[in-house]
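Structure data (mmCIF, C-alpha atoms) from query.cif:
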```cif
data_structure
#
loop_
_atom_site.label_atom_id
_atom_site.label_comp_id
_atom_site.auth_asym_id
_atom_site.auth_seq_id
_atom_site.Cartn_x
_atom_site.Cartn_y
_atom_site.Cartn_z
CA MET X 357 0.00 0.00 0.00
CA HIS X 358 1.05 3.58 -0.64
CA THR X 359 1.12 6.69 1.54
CA THR X 360 1.61 10.42 1.08
CA SER X 361 5.34 9.68 0.99
CA SER X 362 4.80 8.64 -2.64
CA ASP X 363 1.50 8.74 -4.54
CA GLY X 364 -1.01 7.74 -1.85
CA VAL X 365 -3.49 10.12 -0.22
CA LEU X 366 -3.22 8.93 3.41
CA THR X 367 -0.35 9.47 5.83
CA PRO X 368 1.28 6.28 7.15
CA ARG X 369 -0.67 6.54 10.42
CA GLU X 370 -3.94 7.17 8.56
CA LEU X 371 -3.23 4.25 6.24
CA VAL X 372 -2.75 1.84 9.13
CA ALA X 373 -6.08 2.96 10.63
CA HIS X 374 -7.74 2.58 7.23
CA ALA X 375 -6.37 -0.95 6.85
CA VAL X 376 -7.54 -1.92 10.34
CA ALA X 377 -11.01 -0.60 9.54
CA HIS X 378 -11.08 -2.98 6.56
CA GLY X 379 -10.18 -5.98 8.69
CA VAL X 380 -6.51 -6.23 7.69
CA GLU X 381 -4.32 -8.01 10.26
CA ILE X 382 -0.87 -7.43 8.72
CA MET X 383 0.19 -4.98 6.03
CA ALA X 384 3.17 -3.56 4.16
CA ILE X 385 3.92 0.00 3.14
CA THR X 386 5.64 -0.08 -0.24
CA ASP X 387 5.91 3.53 -1.37
CA HIS X 388 7.49 4.22 -4.75
CA ASP X 389 11.23 4.88 -4.59
CA THR X 390 11.24 5.66 -0.88
CA LEU X 391 11.21 4.10 2.57
CA GLY X 392 10.25 7.38 4.21
CA GLY X 393 6.63 6.49 4.87
CA VAL X 394 7.24 3.25 6.70
CA ASP X 395 10.27 4.76 8.46
CA SER X 396 8.00 7.37 10.04
CA LEU X 397 6.33 4.57 12.02
CA ARG X 398 9.56 3.21 13.48
CA GLY X 399 9.63 3.16 17.24
CA THR X 400 5.88 3.73 17.52
CA GLU X 401 3.05 1.35 18.34
CA THR X 402 0.77 0.38 15.46
CA GLU X 403 -2.51 -1.48 15.68
CA ILE X 404 -1.22 -4.22 13.34
CA PRO X 405 2.25 -5.29 12.15
CA VAL X 406 3.61 -3.16 9.30
CA LEU X 407 6.24 -4.70 7.03
CA THR X 408 8.98 -2.51 5.59
CA GLY X 409 8.96 -2.30 1.83
CA THR X 410 9.39 -0.22 -1.29
CA GLU X 411 8.37 -0.42 -4.94
CA LEU X 412 10.79 0.40 -7.74
CA SER X 413 9.79 1.20 -11.31
CA ILE X 414 11.98 -0.82 -13.69
CA ARG X 415 12.98 0.42 -17.13
CA ASP X 416 13.08 -2.93 -18.98
CA MET X 417 9.44 -2.89 -20.08
CA LYS X 418 6.17 -1.03 -19.59
CA GLY X 419 4.39 -1.77 -16.31
CA LEU X 420 7.38 -3.54 -14.75
CA HIS X 421 7.68 -2.83 -11.02
CA LEU X 422 9.68 -4.61 -8.34
CA LEU X 423 8.63 -4.83 -4.70
CA GLY X 424 11.21 -5.27 -1.96
CA TYR X 425 10.50 -6.42 1.62
CA GLY X 426 13.14 -6.31 4.35
CA MET X 427 13.80 -6.31 8.09
CA GLY X 428 17.19 -4.62 8.14
CA GLU X 429 18.46 -1.13 7.37
CA GLY X 430 19.05 -1.88 3.69
CA LYS X 431 21.82 0.71 3.58
CA GLU X 432 22.84 0.28 -0.06
CA LEU X 433 19.22 0.12 -1.22
CA ARG X 434 18.45 3.28 0.74
CA ARG X 435 21.27 5.15 -0.96
CA VAL X 436 19.99 4.17 -4.38
CA VAL X 437 16.36 4.88 -3.47
CA GLN X 438 17.34 8.35 -2.22
CA GLN X 439 19.01 9.06 -5.56
CA LEU X 440 15.90 7.89 -7.38
CA ALA X 441 13.78 10.17 -5.19
CA ASP X 442 16.04 13.12 -5.99
CA ASN X 443 15.74 12.29 -9.68
CA ARG X 444 11.97 12.15 -9.32
CA LEU X 445 11.94 15.70 -7.96
CA ALA X 446 14.05 16.94 -10.86
CA ARG X 447 11.67 15.19 -13.24
CA ALA X 448 8.65 16.80 -11.57
CA ARG X 449 10.17 20.26 -11.99
CA LYS X 450 10.66 19.62 -15.71
CA ILE X 451 7.09 18.33 -16.12
CA ILE X 452 5.70 21.39 -14.35
CA GLY X 453 7.80 23.60 -16.63
CA LYS X 454 6.30 21.92 -19.68
CA LEU X 455 2.78 22.22 -18.27
CA THR X 456 3.29 25.91 -17.58
CA ALA X 457 4.43 26.44 -21.17
CA LEU X 458 1.28 24.64 -22.35
CA GLY X 459 -0.94 26.96 -20.32
CA TYR X 460 -1.40 24.88 -17.15
CA PRO X 461 0.78 26.70 -14.59
CA LEU X 462 1.59 25.01 -11.29
CA ASP X 463 3.89 26.20 -8.51
CA TYR X 464 6.58 23.55 -7.97
CA ASP X 465 7.62 24.77 -4.50
CA GLU X 466 4.03 24.99 -3.31
CA LEU X 467 3.25 21.51 -4.61
CA ARG X 468 6.37 20.04 -3.04
CA ALA X 469 5.43 21.53 0.33
CA GLN X 470 1.91 20.13 0.06
CA CYS X 471 3.23 16.69 -0.82
CA GLY X 472 5.65 16.49 2.07
CA GLY X 473 8.78 16.80 -0.04
CA THR X 474 8.08 14.28 -2.79
CA VAL X 475 6.39 15.06 -6.10
CA GLY X 476 5.37 12.36 -8.58
CA ARG X 477 3.14 12.38 -11.62
CA MET X 478 0.07 11.49 -9.57
CA HIS X 479 0.67 14.49 -7.33
CA ILE X 480 0.86 16.67 -10.43
CA ALA X 481 -2.31 15.09 -11.83
CA ARG X 482 -4.20 15.80 -8.62
CA ALA X 483 -2.92 19.38 -8.57
CA LEU X 484 -4.13 19.90 -12.13
CA ALA X 485 -7.56 18.65 -11.12
CA ALA X 486 -7.58 20.86 -8.01
CA LYS X 487 -6.82 23.89 -10.20
CA GLY X 488 -9.75 23.02 -12.45
CA TYR X 489 -7.60 22.42 -15.53
CA ILE X 490 -9.00 18.89 -15.84
CA ARG X 491 -11.98 17.02 -14.43
CA GLU X 492 -10.10 14.17 -12.73
CA PRO X 493 -6.47 13.05 -12.31
CA ARG X 494 -6.81 10.26 -14.88
CA GLU X 495 -7.40 12.88 -17.57
CA ALA X 496 -3.94 14.34 -16.89
CA PHE X 497 -2.31 11.07 -17.90
CA GLU X 498 -4.55 10.73 -20.96
CA ARG X 499 -3.97 14.26 -22.24
CA LEU X 500 -0.83 15.75 -20.74
CA ILE X 501 1.65 13.76 -18.66
CA GLY X 502 1.18 10.17 -19.85
CA ASN X 503 3.98 8.49 -21.77
CA ASP X 504 2.79 9.99 -25.06
CA GLY X 505 1.68 13.34 -23.60
CA PRO X 506 3.15 16.74 -24.50
CA ALA X 507 4.37 17.31 -20.92
CA TYR X 508 5.87 13.85 -20.42
CA VAL X 509 9.41 13.56 -19.08
CA ALA X 510 11.04 10.14 -18.82
CA GLY X 511 12.08 9.03 -15.35
CA GLU X 512 15.40 7.48 -14.39
CA ARG X 513 14.95 3.83 -13.47
CA LEU X 514 17.01 0.76 -12.66
CA SER X 515 16.99 -2.38 -14.77
CA MET X 516 16.04 -5.76 -13.31
CA ALA X 517 19.69 -6.80 -13.67
CA GLU X 518 20.61 -3.89 -11.38
CA ALA X 519 17.65 -3.92 -8.96
CA LEU X 520 17.48 -7.64 -8.16
CA PRO X 521 21.03 -8.12 -6.82
CA LEU X 522 20.82 -4.71 -5.14
CA MET X 523 17.81 -5.80 -3.12
CA ARG X 524 19.34 -9.15 -2.23
CA ARG X 525 22.62 -7.53 -1.12
CA SER X 526 20.64 -5.08 0.98
CA GLY X 527 18.68 -7.81 2.76
CA PHE X 528 15.41 -7.23 0.92
CA VAL X 529 13.29 -9.95 -0.71
CA PRO X 530 12.59 -8.96 -4.34
CA VAL X 531 9.06 -9.69 -5.58
CA LEU X 532 7.60 -9.04 -9.03
CA ALA X 533 4.68 -6.63 -8.65
CA HIS X 534 1.31 -7.08 -10.44
CA PRO X 535 2.43 -9.32 -13.35
CA ALA X 536 -0.94 -8.88 -15.10
CA GLU X 537 0.06 -5.31 -15.89
CA LEU X 538 2.88 -6.63 -18.08
CA GLN X 539 0.15 -7.93 -20.44
CA GLN X 540 2.08 -11.05 -21.44
CA ASP X 541 0.81 -14.53 -22.27
CA ASP X 542 1.62 -17.41 -19.94
CA MET X 543 4.54 -18.73 -21.99
CA THR X 544 6.22 -15.34 -22.31
CA LEU X 545 5.68 -14.57 -18.63
CA ARG X 546 7.23 -17.89 -17.66
CA MET X 547 10.29 -17.15 -19.80
CA LEU X 548 10.63 -13.73 -18.16
CA LEU X 549 10.25 -15.22 -14.70
CA GLU X 550 12.91 -17.83 -15.42
CA SER X 551 15.33 -15.11 -16.51
CA TRP X 552 14.60 -12.91 -13.50
CA GLN X 553 14.81 -15.88 -11.13
CA ARG X 554 18.35 -16.50 -12.32
CA GLN X 555 19.11 -12.87 -11.49
CA GLY X 556 17.67 -13.14 -7.98
CA LEU X 557 13.87 -12.74 -8.11
CA MET X 558 12.32 -14.55 -5.13
CA GLY X 559 8.57 -13.93 -5.29
CA VAL X 560 5.58 -12.97 -7.41
CA GLU X 561 2.63 -10.81 -6.37
CA VAL X 562 -0.11 -13.21 -7.48
CA TYR X 563 -2.99 -11.72 -5.51
CA HIS X 564 -3.30 -8.23 -6.98
CA PRO X 565 -6.52 -6.54 -8.18
CA SER X 566 -5.25 -6.47 -11.79
CA GLN X 567 -5.04 -10.28 -11.80
CA GLN X 568 -8.65 -10.84 -10.74
CA SER X 569 -10.14 -10.73 -14.25
CA ARG X 570 -7.58 -13.27 -15.47
CA GLY X 571 -8.04 -15.51 -12.46
CA TYR X 572 -5.45 -16.33 -9.83
CA ALA X 573 -5.26 -20.12 -10.11
CA ARG X 574 -3.12 -20.57 -13.24
CA LEU X 575 -0.61 -17.91 -12.26
CA GLU X 576 -0.37 -19.22 -8.71
CA ALA X 577 0.17 -22.80 -9.89
CA MET X 578 2.92 -21.71 -12.28
CA VAL X 579 4.88 -19.60 -9.81
CA ARG X 580 4.63 -22.21 -7.05
CA ARG X 581 5.95 -24.88 -9.43
CA MET X 582 8.86 -22.56 -10.17
CA GLY X 583 9.63 -22.23 -6.46
CA PHE X 584 8.64 -18.60 -5.99
CA LEU X 585 7.16 -17.04 -2.89
CA VAL X 586 3.54 -16.00 -3.37
CA THR X 587 2.51 -12.55 -2.15
CA GLY X 588 -0.52 -10.32 -2.54
CA GLY X 589 -2.21 -7.13 -1.55
CA SER X 590 -4.53 -4.34 -2.55
CA ASP X 591 -1.98 -1.83 -3.91
CA PHE X 592 -4.17 0.77 -2.20
CA HIS X 593 -3.53 4.39 -3.17
CA SER X 594 -6.86 6.17 -2.60
CA ASP X 595 -10.58 5.51 -2.43
CA GLY X 596 -12.21 4.95 -5.80
CA ASP X 597 -9.18 5.53 -8.00
CA GLY X 598 -10.51 2.92 -10.45
CA LYS X 599 -7.27 0.93 -10.70
CA HIS X 600 -6.28 -0.32 -7.28
CA GLY X 601 -8.20 -1.94 -4.45
CA GLN X 602 -9.24 -1.33 -0.88
CA PRO X 603 -7.08 -2.86 1.87
CA GLY X 604 -7.82 -6.56 2.19
CA CYS X 605 -9.64 -6.81 -1.14
CA THR X 606 -7.71 -9.89 -2.31
CA ALA X 607 -7.86 -11.75 1.01
CA GLY X 608 -11.07 -13.61 0.23
CA ALA X 609 -9.52 -15.40 -2.74
CA TRP X 610 -6.10 -15.84 -1.12
CA ARG X 611 -6.75 -18.97 0.93
CA SER X 612 -3.11 -19.59 1.86
CA ALA X 613 -2.41 -15.97 2.86
CA GLU X 614 -1.23 -16.71 6.40
CA GLU X 615 1.13 -19.47 5.28
CA ASP X 616 2.48 -17.35 2.41
CA VAL X 617 3.07 -14.33 4.65
CA ARG X 618 4.99 -16.53 7.10
CA ALA X 619 7.10 -17.83 4.19
CA LEU X 620 7.85 -14.26 3.13
CA GLN X 621 8.86 -13.34 6.67
CA ARG X 622 11.16 -16.37 6.87
CA ALA X 623 12.84 -15.26 3.66
CA MET X 624 13.18 -11.73 5.06
CA ARG X 625 14.89 -13.11 8.16
CA CYS X 626 17.23 -15.23 6.05
CA LEU X 627 18.32 -12.20 4.03
CA LEU X 628 18.67 -9.98 7.10
CA LYS X 629 22.30 -11.01 7.59
CA GLN X 630 23.13 -9.88 4.03
CA ASP X 631 22.97 -6.26 5.16
CA GLU X 632 24.89 -6.66 8.41
#
```

Please, can you express the file's structure as structure tokens?
Amino acid sequence: MHTTSSDGVLTPRELVAHAVAHGVEIMAITDHDTLGGVDSLRGTETEIPVLTGTELSIRDMKGLHLLGYGMGEGKELRRVVQQLADNRLARARKIIGKLTALGYPLDYDELRAQCGGTVGRMHIARALAAKGYIREPREAFERLIGNDGPAYVAGERLSMAEALPLMRRSGFVPVLAHPAELQQDDMTLRMLLESWQRQGLMGVEVYHPSQQSRGYARLEAMVRRMGFLVTGGSDFHSDGDGKHGQPGCTAGAWRSAEEDVRALQRAMRCLLKQDE
């Protein structure tokens, strides 16, 4: 799930309360290119356990994201993630410059202050909607800041070959996020998974809202046969965003959730010494 530290709308504390209200018993905060959100909860009591995680956008292909879950400091990963966050801010400034030239002025410093120091494309989309330039944030991606839009600026991203060993060295379990968003057939996906497994991939996010229309069973059977950890979640960003789910939304179909979460935690413990 995502907080205001990346492109979510709830603070970490608000997100935990929201998850509890939806019956969630354990959760992870996996903000994009940052650990700041989950770090803000360190040393404080939370109603349910909160796993430490992050989500990296990967440059190899469209829709490719890599989740990382860890128990240690992840010092090397943190250094890289901080650089990615700095790059994201530079990218946001360039996007806002292009929007201003197109007749949609936004104040970068004001937006950065509102967002708590981080500015991504979703923040910009919401700001455009708040200014009345567009009806809803989705329109910003369709017309202005999407990959083919006139205000688009490419982001700096790692490759899988870079991100997978980085996570493992840093004591984080690397998990492929929402494979349905890669829009690949089963045979192609299996070939990709085999390649990434050789590079260090340890798990696959089977139970994600985007997989529901395709069904979970075939994907789950394939990744278990390949020896991957199975994970899942809602990918919650905000209420009614039309793409992600509410906390706990995949739990009903995920019959082995408790066992799979324990397996993930065992793997996290095993990798903990990598970062010591």

Excluding Ile414 in chain X and its own-chain neighbours fewer than 4 positions away, which residues fall within 12 Å of it when counting all atoms listed in the file? Please give them as a PyMOL selection string. chain X and resi 388-389+418-423+440+511-520+532-533+538

Report the distance between CA of Val394 in chain X and CA of Arg435 in chain X in Å, rounded to one decimal place. 16.1 Å

Please write the residues picked by the PyMOL selection byres ((chain X and resi 446-454) around 8) on this file as a VMD selection string. chain X and resid 442 to 445 455 to 458 461 to 464 475 to 477 480 501 506 to 511

Include C-alpha atoms and write out the residues we just selected as a CSV table (one decimal), in the frame of the given file.
```csv
chain,number,residue,atom,x,y,z
X,442,ASP,CA,16.0,13.1,-6.0
X,443,ASN,CA,15.7,12.3,-9.7
X,444,ARG,CA,12.0,12.2,-9.3
X,445,LEU,CA,11.9,15.7,-8.0
X,455,LEU,CA,2.8,22.2,-18.3
X,456,THR,CA,3.3,25.9,-17.6
X,457,ALA,CA,4.4,26.4,-21.2
X,458,LEU,CA,1.3,24.6,-22.4
X,461,PRO,CA,0.8,26.7,-14.6
X,462,LEU,CA,1.6,25.0,-11.3
X,463,ASP,CA,3.9,26.2,-8.5
X,464,TYR,CA,6.6,23.6,-8.0
X,475,VAL,CA,6.4,15.1,-6.1
X,476,GLY,CA,5.4,12.4,-8.6
X,477,ARG,CA,3.1,12.4,-11.6
X,480,ILE,CA,0.9,16.7,-10.4
X,501,ILE,CA,1.6,13.8,-18.7
X,506,PRO,CA,3.2,16.7,-24.5
X,507,ALA,CA,4.4,17.3,-20.9
X,508,TYR,CA,5.9,13.8,-20.4
X,509,VAL,CA,9.4,13.6,-19.1
X,510,ALA,CA,11.0,10.1,-18.8
X,511,GLY,CA,12.1,9.0,-15.4
```

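Selection by the PyMOL selection byres ((chain X and resi 609) around 12) on the present file picks out X:Val562, X:Tyr563, X:His564, X:Pro565, X:Gln567, X:Gln568, X:Gly571, X:Tyr572, X:Ala573, X:Glu576, X:Gly588, X:Gly589, X:Gly604, X:Cys605, X:Thr606, X:Ala607, X:Gly608, X:Trp610, X:Arg611, X:Ser612, X:Ala613.
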
Using all atoms listed in the file, determine which residues lie at most 7 Å from Leu391 in chain X, disregarding the query and same-chain residues fewer than 4 positions distant; provide the list as a PyMOL selection string. chain X and resi 387+395+409-410

Take the residues from that selection and write them out as a PDB file, in the coordinates of the input, keeping C-alpha atoms.
```pdb
ATOM      1  CA  ASP X 387       5.910   3.530  -1.370  1.00  0.00           C
ATOM      2  CA  ASP X 395      10.270   4.760   8.460  1.00  0.00           C
ATOM      3  CA  GLY X 409       8.960  -2.300   1.830  1.00  0.00           C
ATOM      4  CA  THR X 410       9.390  -0.220  -1.290  1.00  0.00           C
TER       5      THR X 410
END
```

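Minimum atom-to-atom distance to His479 in chain X, evaluated using all atoms listed in the file, belongs to X:His593 out of X:Arg625, X:His378, X:His593, X:Arg434.
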
Around (-10.0, 9.1, -9.0) in the file's frame, which residues reach within 8 Å when counting only C-alpha atoms? Return as number ranges by chain? X: 492-494, 594-598

For His358 in chain X, the nearest of the candidates X:Thr544, X:Ser590, X:Gln621, X:Ser526, counting only C-alpha atoms: X:Ser590

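Nearest to Met357 in chain X of all the residues X:Lys431, X:Arg622, X:His600, X:Arg525 is X:His600, based on all atoms listed in the file.
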
Evaluated on this file, the PyMOL selection byres ((chain X and resi 402) around 12) picks out some residues - which ones are they, written as a ChimeraX atom specification? /X:368-373,375-376,381-383,394,396-401,403-407

As a check of understanding: the span from CA of Met543 in chain X to CA of Ser413 in chain X is 23.2 Å

Neighbours of point (19.9, -10.3, -5.7) within 8 Å, using all atoms listed in the file, written as a PyMOL selection string: chain X and resi 519-525+530+555-557

Quick one: of X:Cys471, X:Leu549, X:Met558, X:Val529, who's nearest to Ser362 in chain X, counting only C-alpha atoms? X:Cys471
